[in-house]
Each structure stands twice: as structure tokens, then as C-alpha cells.
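Novice: One file is attached below, model_25.cif, containing mmCIF, C-alpha atoms.
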data_input
#
loop_
_atom_site.label_atom_id
_atom_site.label_comp_id
_atom_site.auth_asym_id
_atom_site.auth_seq_id
_atom_site.Cartn_x
_atom_site.Cartn_y
_atom_site.Cartn_z
CA MET A 30 121.00 99.55 127.19
CA LYS A 31 117.93 101.65 126.46
CA LYS A 32 120.08 103.97 124.37
CA THR A 33 121.41 101.02 122.36
CA ILE A 34 117.94 99.67 121.70
CA ALA A 35 116.71 103.11 120.69
CA SER A 36 119.70 103.52 118.37
CA VAL A 37 119.14 100.16 116.70
CA PHE A 38 115.44 100.88 116.31
CA LEU A 39 116.16 104.28 114.78
CA SER A 40 118.65 102.72 112.33
CA PHE A 41 116.05 100.15 111.41
CA ILE A 42 113.39 102.77 110.68
CA ILE A 43 115.74 105.03 108.72
CA GLY A 44 117.15 102.12 106.74
CA LEU A 45 113.62 100.95 106.10
CA VAL A 46 112.41 104.27 104.76
CA SER A 47 115.36 104.50 102.40
CA SER A 48 114.99 100.95 101.17
CA ILE A 49 111.28 101.13 100.49
CA SER A 50 111.28 104.36 98.62
CA TYR A 51 114.61 104.66 96.92
CA ALA A 52 116.61 102.28 94.79
CA GLY A 53 117.95 101.72 91.34
CA PHE A 54 114.52 101.34 89.82
CA PHE A 55 115.52 99.88 86.47
CA GLY A 56 119.23 99.25 86.52
CA ASN A 57 121.68 97.90 89.04
CA THR A 58 123.05 100.90 90.88
CA ALA A 59 125.79 101.25 93.49
CA HIS A 60 126.02 103.82 96.27
CA SER A 61 127.68 104.70 99.55
CA ARG A 62 126.59 107.00 102.34
CA ALA A 63 128.18 108.10 105.58
CA ASN A 64 127.43 110.31 108.57
CA CYS A 65 123.77 109.46 108.48
CA LEU A 66 121.98 109.72 111.77
CA THR A 67 123.08 106.31 113.01
CA PHE A 68 124.86 104.36 110.31
CA VAL A 69 127.31 104.06 107.41
CA GLU A 70 126.74 101.74 104.45
CA SER A 71 127.43 100.81 100.84
CA VAL A 72 124.68 99.24 98.77
CA THR A 73 124.14 97.61 95.39
CA TRP A 74 120.48 97.33 94.46
CA ASN A 75 117.77 97.05 91.87
CA ALA A 76 114.19 97.50 93.01
CA LYS A 77 112.85 95.28 90.24
CA GLU A 78 115.24 92.32 90.28
CA SER A 79 117.45 90.20 92.46
CA HIS A 80 121.02 89.30 91.56
CA TRP A 81 123.97 87.55 93.14
CA TRP A 82 125.90 90.42 94.69
CA ARG A 83 128.63 91.04 97.18
CA VAL A 84 129.51 94.42 98.68
CA LYS A 85 132.53 95.20 100.82
CA SER A 86 132.37 98.58 102.52
CA LEU A 87 135.37 100.23 104.16
CA HIS A 88 134.31 102.69 106.87
CA THR A 89 137.02 105.06 108.08
CA SER A 90 136.69 107.77 110.71
CA GLU A 91 138.74 110.92 110.92
CA LYS A 92 140.12 109.67 114.23
CA GLY A 93 141.38 106.53 112.53
CA ALA A 94 138.92 103.75 113.27
CA GLN A 95 138.59 101.65 110.12
CA HIS A 96 136.14 98.80 109.68
CA MET A 97 135.25 96.60 106.77
CA VAL A 98 131.76 95.21 106.41
CA ASP A 99 131.17 92.36 103.97
CA THR A 100 127.78 91.13 102.76
CA PHE A 101 129.37 87.97 101.36
CA MET A 102 127.63 86.49 98.33
CA ALA A 103 123.87 86.94 98.42
CA TYR A 104 120.97 86.65 96.00
CA THR A 105 119.03 89.79 96.77
CA TRP A 106 117.55 92.99 95.36
CA ARG A 107 119.54 95.02 97.89
CA ALA A 108 122.99 94.01 99.11
CA ALA A 109 123.86 96.38 101.95
CA ALA A 110 127.17 96.41 103.80
CA PHE A 111 125.70 98.33 106.69
CA HIS A 112 126.95 99.25 110.13
CA SER A 113 124.98 101.09 112.75
CA GLY A 114 126.76 102.95 115.50
CA GLU A 115 128.99 104.85 113.07
CA SER A 116 127.03 108.04 113.05
CA ASN A 117 127.20 111.77 112.83
CA ARG A 118 126.41 112.11 116.51
CA ASP A 119 130.07 112.90 117.15
CA LEU A 120 130.64 115.80 114.80
CA HIS A 121 134.32 115.78 115.70
CA ASP A 122 134.81 112.32 114.25
CA PRO A 123 133.13 112.10 110.83
CA TRP A 124 133.25 108.98 108.64
CA THR A 125 133.82 108.06 105.02
CA ALA A 126 132.19 105.07 103.35
CA GLN A 127 134.01 103.38 100.47
CA GLY A 128 132.07 100.67 98.68
CA TYR A 129 133.57 97.91 96.55
CA HIS A 130 130.72 96.36 94.58
CA PHE A 131 130.85 92.90 93.01
CA TYR A 132 128.57 90.66 91.00
CA MET A 133 129.21 87.13 92.26
CA GLY A 134 127.11 84.59 90.43
CA GLY A 135 127.61 80.91 91.10
CA ASN A 136 127.36 80.65 87.32
CA GLY A 137 131.02 81.20 86.52
CA LYS A 138 131.01 84.99 86.71
CA GLU A 139 132.89 87.11 89.24
CA VAL A 140 132.69 90.78 88.30
CA TYR A 141 134.07 93.85 90.02
CA ASP A 142 131.34 96.38 89.23
CA ALA A 143 132.20 99.72 90.77
CA TYR A 144 133.74 101.76 93.57
CA THR A 145 131.71 104.35 95.47
CA ILE A 146 132.68 106.84 98.15
CA SER A 147 130.71 109.22 100.29
CA THR A 148 131.33 111.53 103.21
CA ASP A 149 127.71 112.43 103.79
CA CYS A 150 124.15 111.18 103.79
CA SER A 151 122.86 113.80 101.40
CA ALA A 152 120.11 113.32 98.88
CA TYR A 153 122.09 112.48 95.80
CA ASP A 154 123.65 109.65 93.81
CA GLY A 155 120.32 108.00 93.23
CA TRP A 156 119.51 107.40 96.88
CA TRP A 157 116.32 109.29 96.65
CA GLY A 158 114.63 107.69 93.68
CA MET B 2 95.71 104.04 118.83
CA LYS B 3 99.04 105.48 117.77
CA ILE B 4 100.52 102.00 117.60
CA LEU B 5 97.65 100.87 115.39
CA ALA B 6 98.27 103.82 113.10
CA VAL B 7 101.90 102.82 112.49
CA LEU B 8 101.30 99.07 112.46
CA PRO B 9 100.95 98.81 108.67
CA ALA B 10 104.27 100.59 108.25
CA ILE B 11 105.97 98.25 110.72
CA LEU B 12 104.53 95.18 108.99
CA LEU B 13 105.69 96.51 105.63
CA ALA B 14 109.08 97.21 107.16
CA THR B 15 109.40 93.65 108.33
CA SER B 16 108.55 92.22 104.93
CA VAL B 17 110.94 94.53 103.08
CA ILE B 18 113.83 93.95 105.43
CA ALA B 19 113.30 90.21 105.14
CA ALA B 20 113.84 90.40 101.39
CA GLU B 21 117.04 92.39 101.69
CA HIS B 22 120.47 91.16 102.56
CA GLU B 23 122.42 93.18 105.08
CA ASN B 24 125.60 92.43 106.92
CA THR B 25 126.43 94.53 109.92
CA ASN B 26 129.43 92.71 111.30
CA PRO B 27 132.49 94.96 110.93
CA VAL B 28 136.13 93.85 111.01
CA GLN B 29 138.88 96.27 112.08
CA ILE B 30 141.41 96.93 109.31
CA GLY B 31 144.86 98.40 110.00
CA THR B 32 146.06 100.69 112.77
CA ILE B 33 144.49 103.88 114.03
CA GLU B 34 147.37 105.89 112.54
CA GLN B 35 146.83 104.26 109.13
CA GLY B 36 143.09 104.95 109.45
CA LYS B 37 143.73 108.66 110.01
CA ILE B 38 145.89 108.77 106.87
CA ASN B 39 143.31 106.81 104.88
CA TYR B 40 140.47 109.10 105.88
CA LYS B 41 142.17 112.14 104.34
CA LYS B 42 143.65 110.21 101.42
CA ALA B 43 140.30 108.77 100.33
CA ILE B 44 138.59 112.17 100.31
CA GLU B 45 141.41 113.94 98.46
CA TRP B 46 141.82 111.10 95.97
CA ALA B 47 138.13 111.07 95.11
CA LYS B 48 138.22 114.73 94.06
CA GLU B 49 140.71 114.00 91.29
CA HIS B 50 139.78 110.37 90.51
CA PRO B 51 136.01 109.96 90.70
CA GLY B 52 134.93 106.32 90.53
CA VAL B 53 138.47 105.04 91.06
CA PRO B 54 139.56 103.53 94.38
CA PRO B 55 142.59 105.06 96.10
CA PRO B 56 145.82 103.06 96.40
CA LEU B 57 145.41 100.46 99.14
CA THR B 58 147.81 99.17 101.76
CA PRO B 59 148.71 95.49 101.32
CA GLU B 60 146.48 94.65 104.28
CA GLU B 61 143.49 96.46 102.77
CA ASP B 62 144.11 94.97 99.35
CA TYR B 63 144.17 91.49 100.86
CA ALA B 64 140.98 92.09 102.86
CA ILE B 65 139.05 93.47 99.88
CA PHE B 66 140.40 91.43 96.96
CA GLY B 67 143.19 88.99 97.71
CA LYS B 68 141.59 86.93 100.46
CA ASP B 69 138.66 85.94 98.28
CA GLY B 70 140.40 86.06 94.90
CA LEU B 71 138.10 88.85 93.70
CA PRO B 72 138.92 90.78 90.52
CA ARG B 73 140.76 94.02 91.15
CA PRO B 74 139.68 97.32 89.55
CA GLY B 75 141.15 97.84 86.10
CA SER B 76 142.59 94.34 85.91
CA GLY B 77 140.67 93.38 82.76
CA VAL B 78 138.93 90.10 81.96
CA HIS B 79 140.42 86.77 82.96
CA ILE B 80 139.19 83.45 81.59
CA ILE B 81 139.75 80.64 84.08
CA PRO B 82 138.59 77.01 84.18
CA ALA B 83 135.69 76.74 86.63
CA ASN B 84 137.58 74.26 88.79
CA LYS B 85 140.32 76.87 89.29
CA MET B 86 137.83 79.45 90.56
CA HIS B 87 136.37 79.64 94.04
CA TYR B 88 133.67 77.06 93.45
CA ASP B 89 133.08 73.76 95.11
CA LYS B 90 132.68 70.56 93.08
CA SER B 91 128.88 70.79 92.91
CA GLN B 92 129.06 74.36 91.58
CA VAL B 93 131.62 73.37 88.96
CA LYS B 94 129.33 70.52 87.86
CA SER B 95 126.40 72.92 87.70
CA ILE B 96 128.38 75.36 85.51
CA GLU B 97 129.42 72.52 83.20
CA TYR B 98 125.87 71.14 83.06
CA ASN B 99 124.33 74.54 82.23
CA ALA B 100 126.95 75.10 79.51
CA SER B 101 126.07 71.74 77.97
CA LEU B 102 122.32 72.53 78.13
CA LEU B 103 122.88 75.81 76.31
CA SER B 104 124.75 74.08 73.51
CA THR B 105 122.32 71.15 73.15
CA LYS B 106 118.82 72.26 74.19
CA GLY B 107 119.55 75.95 73.60
CA TYR B 108 118.30 77.23 76.95
CA ILE B 109 118.03 76.44 80.64
CA GLU B 110 114.51 75.66 81.79
CA LYS B 111 113.65 77.75 84.86
CA TYR B 112 111.38 80.62 85.83
CA ASN B 113 113.01 83.86 84.64
CA GLN B 114 111.76 86.92 86.51
CA HIS B 115 113.88 89.25 84.36
CA ALA B 116 112.09 87.99 81.24
CA THR B 117 108.69 88.52 82.86
CA ASN B 118 109.65 92.07 83.81
CA LEU B 119 110.81 92.85 80.29
CA LEU B 120 107.68 91.41 78.70
CA MET B 121 105.57 93.66 80.95
CA PHE B 122 107.83 96.63 80.40
CA HIS B 123 105.35 98.87 78.62
CA GLN B 124 103.04 98.80 81.66
CA ILE B 125 105.96 99.24 84.07
CA ALA B 126 107.28 102.16 82.06
CA ASN B 127 103.92 103.90 81.82
CA ALA B 128 103.48 103.67 85.59
CA ASP B 129 106.94 105.12 86.15
CA PHE B 130 106.62 107.92 83.62
CA SER B 131 103.43 109.09 85.30
CA LYS B 132 105.32 109.97 88.47
CA SER B 133 108.78 110.95 87.31
CA ASP B 134 108.28 114.40 85.83
CA SER B 135 110.30 116.45 88.30
CA LEU B 136 113.20 114.18 89.14
CA GLY B 137 116.78 115.37 89.27
CA GLU B 138 119.78 114.11 87.37
CA GLN B 139 120.59 111.49 90.03
CA SER B 140 117.14 109.95 89.81
CA THR B 141 117.15 106.27 88.89
CA HIS B 142 113.71 106.43 87.23
CA LEU B 143 113.03 106.15 83.51
CA ARG B 144 113.47 109.01 81.06
CA HIS B 145 111.72 109.41 77.75
CA ASN B 146 114.80 110.77 76.03
CA LEU B 147 118.49 110.03 76.11
CA SER B 148 119.16 113.77 76.44
CA ASP B 149 117.39 113.69 79.83
CA LEU B 150 120.01 111.34 81.21
CA LYS B 151 123.03 113.01 82.78
CA MET B 152 125.90 110.81 81.65
CA ALA B 153 129.56 110.91 82.65
CA TYR B 154 130.56 110.13 79.05
CA ASP B 155 129.24 110.37 75.51
CA TYR B 156 126.63 107.62 75.64
CA GLN B 157 125.19 106.71 72.25
CA GLY B 158 122.64 103.99 72.92
CA VAL B 159 121.30 101.59 70.29
CA PRO B 160 121.45 102.80 66.66
CA ASN B 161 118.00 103.97 65.52
CA SER B 162 118.15 101.71 62.48
CA LEU B 163 117.93 98.67 64.79
CA VAL B 164 115.04 99.99 66.87
CA LYS B 165 111.31 99.77 66.15
CA GLU B 166 110.27 101.67 69.28
CA ILE B 167 112.24 103.30 72.08
CA ILE B 168 110.50 102.76 75.42
CA GLY B 169 112.86 104.69 77.64
CA PHE B 170 116.28 105.14 79.21
CA ALA B 171 117.47 104.56 82.77
CA PRO B 172 120.79 105.04 84.55
CA GLU B 173 122.95 102.16 85.68
CA SER B 174 126.18 101.60 87.63
CA THR B 175 126.96 104.66 89.73
CA PHE B 176 126.88 108.45 89.66
CA ILE B 177 130.32 110.04 89.77
CA LYS B 178 131.34 113.65 89.59
CA ASN B 179 129.61 114.61 86.37
CA GLY B 180 127.08 111.89 85.64
CA TRP B 181 126.20 108.21 85.44
CA THR B 182 128.81 105.66 84.38
CA GLY B 183 126.28 103.44 82.63
CA ALA B 184 122.81 103.37 81.15
CA ILE B 185 120.08 101.11 79.85
CA GLU B 186 117.95 101.62 76.76
CA PHE B 187 114.65 99.75 76.70
CA PHE B 188 113.31 99.15 73.21
CA SER B 189 111.49 96.92 70.75
CA PRO B 190 113.86 95.66 68.05
CA GLN B 191 113.19 95.97 64.32
CA GLU B 192 113.85 92.38 63.43
CA PHE B 193 111.79 90.31 65.85
CA ASN B 194 108.91 90.49 68.32
CA GLY B 195 110.10 91.08 71.84
CA ILE B 196 111.33 93.68 74.28
CA CYS B 197 115.03 94.32 74.78
CA ALA B 198 117.24 96.19 77.21
CA TYR B 199 120.72 97.25 76.17
CA HIS B 200 123.00 97.87 79.16
CA GLU B 201 126.28 99.68 78.71
CA ILE B 202 128.82 100.40 81.45
CA ASN B 203 131.90 102.48 80.78
CA ILE B 204 134.68 100.42 82.29
CA GLY B 205 137.17 103.16 81.56
CA LEU B 206 135.35 105.10 84.30
CA THR B 207 134.43 102.29 86.68
CA GLY B 208 137.45 100.01 86.28
CA SER B 209 135.04 97.07 86.06
CA SER B 210 136.87 93.78 85.64
CA ALA B 211 135.98 90.11 85.70
CA ASN B 212 136.91 86.49 86.16
CA PHE B 213 134.88 84.21 83.90
CA ALA B 214 134.76 80.45 83.83
CA LYS B 215 136.20 79.16 80.58
CA GLU B 216 133.17 76.88 80.20
CA ILE B 217 130.73 79.80 79.75
CA VAL B 218 132.78 82.00 77.44
CA ASN B 219 132.69 82.18 73.66
CA TYR B 220 133.64 84.92 71.21
CA GLN B 221 130.49 85.26 69.10
CA VAL B 222 130.21 89.05 69.25
CA ASN B 223 132.95 90.37 67.01
CA ASN B 224 135.48 87.99 68.55
CA LYS B 225 135.15 89.70 71.93
CA VAL B 226 134.73 87.87 75.23
CA THR B 227 131.07 86.88 75.10
CA ILE B 228 128.71 85.07 77.46
CA ILE B 229 125.35 83.84 76.20
CA GLU B 230 122.67 82.84 78.68
CA VAL B 231 119.16 81.82 77.70
CA SER B 232 116.65 80.69 80.29
CA GLY B 233 112.95 80.64 80.96
CA ASN B 234 109.77 78.60 80.80
CA GLU B 235 106.22 78.95 79.53
CA ALA B 236 105.10 80.70 82.71
CA SER B 237 107.75 83.44 82.74
CA GLY B 238 108.70 83.75 79.11
CA TYR B 239 112.30 83.39 77.94
CA GLY B 240 115.26 85.70 78.46
CA TYR B 241 118.04 85.86 75.89
CA ASN B 242 121.11 87.51 77.42
CA ILE B 243 124.27 88.37 75.52
CA GLU B 244 127.09 89.95 77.51
CA TRP B 245 130.30 91.06 75.86
CA TRP B 246 133.35 92.97 77.01
CA ASP B 247 135.97 95.08 75.29
CA ASP B 248 138.55 97.59 76.45
CA HIS B 249 135.98 100.37 76.86
CA PHE B 250 132.62 98.89 77.80
CA ARG B 251 130.79 96.08 79.46
CA HIS B 252 127.76 95.51 77.22
CA THR B 253 124.71 93.39 77.95
CA LEU B 254 121.78 92.88 75.61
CA GLU B 255 118.76 91.26 77.24
CA CYS B 256 115.76 90.38 75.13
CA ALA B 257 112.58 88.66 76.26
CA SER B 258 110.09 86.68 74.24
CA LYS B 259 107.11 84.53 75.14
CA VAL B 260 108.65 81.63 73.27
CA PHE B 261 112.03 80.01 72.85
CA THR B 262 113.30 79.39 69.35
CA SER B 263 116.82 78.97 68.11
CA GLY B 264 115.92 81.56 65.47
CA ILE B 265 115.27 84.26 68.07
CA LYS B 266 118.50 83.30 69.82
CA LYS B 267 120.41 83.83 66.58
CA GLN B 268 118.62 87.15 65.98
CA VAL B 269 119.56 88.41 69.46
CA ILE B 270 123.21 87.47 68.86
CA THR B 271 123.05 89.25 65.50
CA LEU B 272 121.51 92.31 67.16
CA ALA B 273 124.29 92.37 69.76
CA THR B 274 126.86 92.19 66.96
CA GLN B 275 125.15 95.01 65.06
CA ILE B 276 125.09 97.21 68.17
CA ASP B 277 128.75 96.48 68.73
CA ASN B 278 129.59 97.31 65.11
CA GLN B 279 128.20 100.80 65.66
CA LYS B 280 130.43 101.30 68.70
CA ASN B 281 133.67 100.60 66.85
#
Could the structure of this file be written out as C-alpha cells, please?
Specialist:
Amino acid sequence: MKKTIASVFLSFIIGLVSSISYAGFFGNTAHSRANCLTFVESVTWNAKESHWWRVKSLHTSEKGAQHMVDTFMAYTWRAAAFHSGESNRDLHDPWTAQGYHFYMGGNGKEVYDAYTISTDCSAYDGWWG
Amino acid sequence: MKILAVLPAILLATSVIAAEHENTNPVQIGTIEQGKINYKKAIEWAKEHPGVPPPLTPEEDYAIFGKDGLPRPGSGVHIIPANKMHYDKSQVKSIEYNASLLSTKGYIEKYNQHATNLLMFHQIANADFSKSDSLGEQSTHLRHNLSDLKMAYDYQGVPNSLVKEIIGFAPESTFIKNGWTGAIEFFSPQEFNGICAYHEINIGLTGSSANFAKEIVNYQVNNKVTIIEVSGNEASGYGYNIEWWDDHFRHTLECASKVFTSGIKKQVITLATQIDNQKN
């Protein structure tokens, strides 16, 4: 139980640090990341504006577990299909994150924006500002 | 004491998280054996097809697209009556009402944060330029010059003849193997007072596709699928948005002005058409 709480707290802090400091600062940008310390996620974001977005993120492990996380439609500056507990703690079972990014306005527009994939949590693809 | 030291960070964390939208509820898709195959397939596929999803099993396709009627990658633009889309009756009425407002009053009266941001863009840009000197090619911050933007294709931006002042360039969409799949140019136009942002996304690289309600579509930019949205009020200023699609790009021209006039609206549509002319 303590381990679970610690894991959730750690995810929260790491997710927080990334979300405060790093985002698409001027445009809407889409990203995925996997094998972070405690989570896998795909995100569409824009630090300056909110939009109606939906992100579906397919998380697949080398050992075959495969989950889909769905933000559903949300008006936000950061739509994150995020799952903690899929981490790099087990180095023998790494993960991929595949993000399907949509714009989903209630204004008559449904747009498939982009596909993103990542096998790591490295500092690239705009994550780090 | 240590808790007091980190308290501001925790409070900030709480406020930021509250403004975000996260979903952490996963649903298992397919069998373990299929998952093992998918893991390898996705990684190998991405090496040769950056930005393009791998072929999906019927179950995956249904979960990602079919179940919710979402547009599939590379499927183009579909124009559908609003009542045939996934909207309830009140949303359909709202779409119809907004379309009628745009054709009669010319704009929708509401606070427009995007317009406010654009009108303040010189200050925003100056603040960003002061801290973005040593950023890498994946940085999402502003650049002074188009040549500083690492693009995945030959991005041209807005023709100089239409621009009074270039404010800067920023990436958009996503970063694939060799660069960004879209970009924004922030500028002041030659023909009217205001600040504009021209967004371009290369749909040949991203496979971007769309379903649009018939009620919001016209063909004013060179007979291409076009959506015009104008909204704002005296407090925020007014945003004039022209979005148009062709086989190669998804284009959006956003311009902001402190006032609404039908003349500015016409000038923004003309500017969009002139930008498009240069792309053909």
C-alpha cells in the first residue's frame, strides 16, 4: 500500500514538473513518451491556449500487455492519456506509447491531428520546452 | 521547515493539475500474443514510416476509430450534416445557430482568449525571445527566422509581399524523424491593422483528416473546403479564423483586431486566398 502511494505521488510530481515547464508554447503539439520512471502517456497541448481535444494512447509492453487510455473530449490546454504503473522499473518488459491525437470541437469539427510513438522518456520531441 | 520550503511548489502543482485534463483509466486491448506482435511491429514500422500509424487489427481499429466514428488517418475530409455526426440535438442546434449568426451578424459574441493572445503577441514574443537563445531543434519556443526551424518538409511560410512585419516562427503538430510536420508564422499583414498567425500542417506527413458539419463549411478560399469562424467582444478583441484544406496541407489563418468590421473579415479571407495562391 505504501509502495502504491509512493508510486502515485512520484508520478504526480514527475508529471507536474513536465507539465509546468514544457509544452507546445505557441502551437498545438503532440507527443508520446514511454518507460518514464512510473508512467506512459500521450499528450496534446498548448501552453497558451485551451482547445477541445481527445487523445487515445495505446500502451504495449514487450511481454504483450496492451492498454488503451482515452481522455475523451475535453476543453483543456493539456489533454494527457496517462497511465501510471507502466514504468521502466522492469527493464525486461519495456513499453511503447502510441498516441492518436484528435481535435474534437462541439462546433462541427472532428479532426484527426497526428500519430505519435515513443519507446523512451528522453528529452526530445518538444517535451523539454 | 522542509515542508514549508516545498509548499509553494505543491500549491502550484495543485493549480496546474487542476487545469489539465488527464485520463488514467486503461482498457485492455487484444490478447497477450497479439500485444507481443504489436510491440515489435510498432517499433519497426515507425523506423520506415515516421508519423504514420502501423496497420491495426480490427479490434484496435474499432477501439481507436470505429467505436466513436472518429476520422481515420489519411481518409481525407468528409462533409456531413451535423445531425448525422455524433452530436446531440442541443449541439446540432448550437452549430446551426452559430452558422446563422456568422452569416447575419458576422461574428459570434463571446470572450476570445486566442484573440487577446494574438493582440498581445509582441510582448509575449519579446519575453520568449529573451530566454530561447540556446534551444535545440525540438524546442517549441519562438524563432526569429524560418531557417532556425527544423522542418520535416520544405516549409515556405507567408509570402513576404503580404507581410508588413514578421514577428516569429514556432513549430506545430509533431516532430518526426527529420523535423516538425507543421509550423506557425506570426506576423503583421500589409493590408490591415492587426496581428495574424498562419498555421500550416503537412497532411501528407501526418495523415490528418476530418469530418466537418455541412452547416459550417463553405468554399471561399480557392474553392477548397473552408471554415470561417469569427468571434470576440470588446473586452477580448475579435478573432478572424479561416481554415482551409487541400490534398497537401491543413491551413489556418488567424487574425486578431480590437474591432469587428465586415471589411476586416473580407480582408482576412482575401489574405487567406492570397497565401493559398502562392502555395499552388
Novice: Write out as a Markdown table the residues of chain A that have any atom within 7 Å of an atom of chain B, one row each with the nearest atom pair and its distance in Å to one decimal, counting all atoms listed in the file, sorted by chain and then rising number.
Specialist:
| residue | atom | partner | partner_atom | distance |
| --- | --- | --- | --- | --- |
| A:Leu45 | CA | B:Ala14 | CA | 6.0 |
| A:Gly53 | CA | B:Thr141 | CA | 5.2 |
| A:Phe54 | CA | B:Thr141 | CA | 5.7 |
| A:Phe55 | CA | B:Ala171 | CA | 6.3 |
| A:Gly56 | CA | B:Glu173 | CA | 4.8 |
| A:Asn57 | CA | B:Glu173 | CA | 5.6 |
| A:Thr58 | CA | B:Ser174 | CA | 4.6 |
| A:Ala59 | CA | B:Thr175 | CA | 5.2 |
| A:His60 | CA | B:Thr175 | CA | 6.7 |
| A:Glu78 | CA | B:His115 | CA | 6.8 |
| A:Lys85 | CA | B:Ile65 | CA | 6.8 |
| A:Thr89 | CA | B:Tyr40 | CA | 5.8 |
| A:Ser90 | CA | B:Tyr40 | CA | 6.3 |
| A:Glu91 | CA | B:Lys37 | CA | 5.6 |
| A:Lys92 | CA | B:Lys37 | CA | 5.6 |
| A:Gly93 | CA | B:Gly36 | CA | 3.9 |
| A:Ala94 | CA | B:Ile33 | CA | 5.6 |
| A:Gln95 | CA | B:Ile30 | CA | 5.6 |
| A:His96 | CA | B:Gln29 | CA | 4.4 |
| A:Met97 | CA | B:Val28 | CA | 5.1 |
| A:Val98 | CA | B:Pro27 | CA | 4.6 |
| A:Asp99 | CA | B:Asn24 | CA | 6.3 |
| A:Thr100 | CA | B:Asn24 | CA | 4.9 |
| A:Ala103 | CA | B:His22 | CA | 6.8 |
| A:Thr105 | CA | B:Glu21 | CA | 5.9 |
| A:Trp106 | CA | B:Glu21 | CA | 6.4 |
| A:Arg107 | CA | B:Glu21 | CA | 5.3 |
| A:Ala108 | CA | B:His22 | CA | 5.1 |
| A:Ala109 | CA | B:Glu23 | CA | 4.7 |
| A:Ala110 | CA | B:Asn24 | CA | 5.3 |
| A:Phe111 | CA | B:Thr25 | CA | 5.0 |
| A:His112 | CA | B:Thr25 | CA | 4.8 |
| A:Thr125 | CA | B:Tyr40 | CA | 6.8 |
| A:Gly135 | CA | B:Gln92 | CA | 6.7 |
| A:Asn136 | CA | B:Ile96 | CA | 5.7 |
| A:Gly137 | CA | B:Ala214 | CA | 4.7 |
| A:Lys138 | CA | B:Phe213 | CA | 4.8 |
| A:Glu139 | CA | B:Asn212 | CA | 5.1 |
| A:Val140 | CA | B:Ala211 | CA | 4.2 |
| A:Tyr141 | CA | B:Ser209 | CA | 5.2 |
| A:Asp142 | CA | B:Ser209 | CA | 4.9 |
| A:Ala143 | CA | B:Thr207 | CA | 5.3 |
| A:Tyr144 | CA | B:Gly52 | CA | 5.6 |
| A:Thr145 | CA | B:Gly52 | CA | 6.2 |
| A:Tyr153 | CA | B:Gln139 | CA | 6.0 |
| A:Asp154 | CA | B:Gln139 | CA | 5.2 |
| A:Gly155 | CA | B:Gln139 | CA | 4.7 |
| A:Trp157 | CA | B:Ser140 | CA | 6.9 |
| A:Gly158 | CA | B:Ser140 | CA | 5.1 |
Novice: Taking the point (128.5, 97.9, 63.6) as given in the file, collect each protein or nucleic acid residue that comes within 12 Å of it, counting only C-alpha atoms, and present the set as a list of chain:residue names.
Specialist: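 Every residue inside that radius is included here: B:Val159, B:Pro160, B:Ser162, B:Leu163, B:Val222, B:Asn223, B:Thr271, B:Leu272, B:Ala273, B:Thr274, B:Gln275, B:Ile276, B:Asp277, B:Asn278, B:Gln279, B:Lys280, B:Asn281.
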Novice: Which value, in Å to one decimal, gives the distance between CA of Ser189 in chain B and CA of Ser232 in chain B?
Specialist: 19.5 Å
Novice: Where does the PyMOL selection byres ((chain B and resi 225) around 7) land in this file, that is, which residues does it pick, as a PDB file with C-alpha atoms, keeping the file's coordinate frame?
Specialist:
ATOM      1  CA  TYR B 220     133.640  84.920  71.210  1.00  0.00           C
ATOM      2  CA  VAL B 222     130.210  89.050  69.250  1.00  0.00           C
ATOM      3  CA  ASN B 223     132.950  90.370  67.010  1.00  0.00           C
ATOM      4  CA  ASN B 224     135.480  87.990  68.550  1.00  0.00           C
ATOM      5  CA  VAL B 226     134.730  87.870  75.230  1.00  0.00           C
ATOM      6  CA  THR B 227     131.070  86.880  75.100  1.00  0.00           C
ATOM      7  CA  TRP B 245     130.300  91.060  75.860  1.00  0.00           C
ATOM      8  CA  TRP B 246     133.350  92.970  77.010  1.00  0.00           C
ATOM      9  CA  ASP B 247     135.970  95.080  75.290  1.00  0.00           C
TER      10      ASP B 247
END
Novice: Of the residues B:Tyr112, B:Tyr199, B:Tyr239, B:Tyr156, which is the one nearest to Glu186 in chain B, using all atoms listed in the file?
Specialist: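 Smallest separation from Glu186 in chain B among the options: B:Tyr199.
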Novice: Using CA of Ser86 in chain A and CA of Ala126 in chain A as the two end points, give the distance in Å to one decimal.
Specialist: 6.5 Å
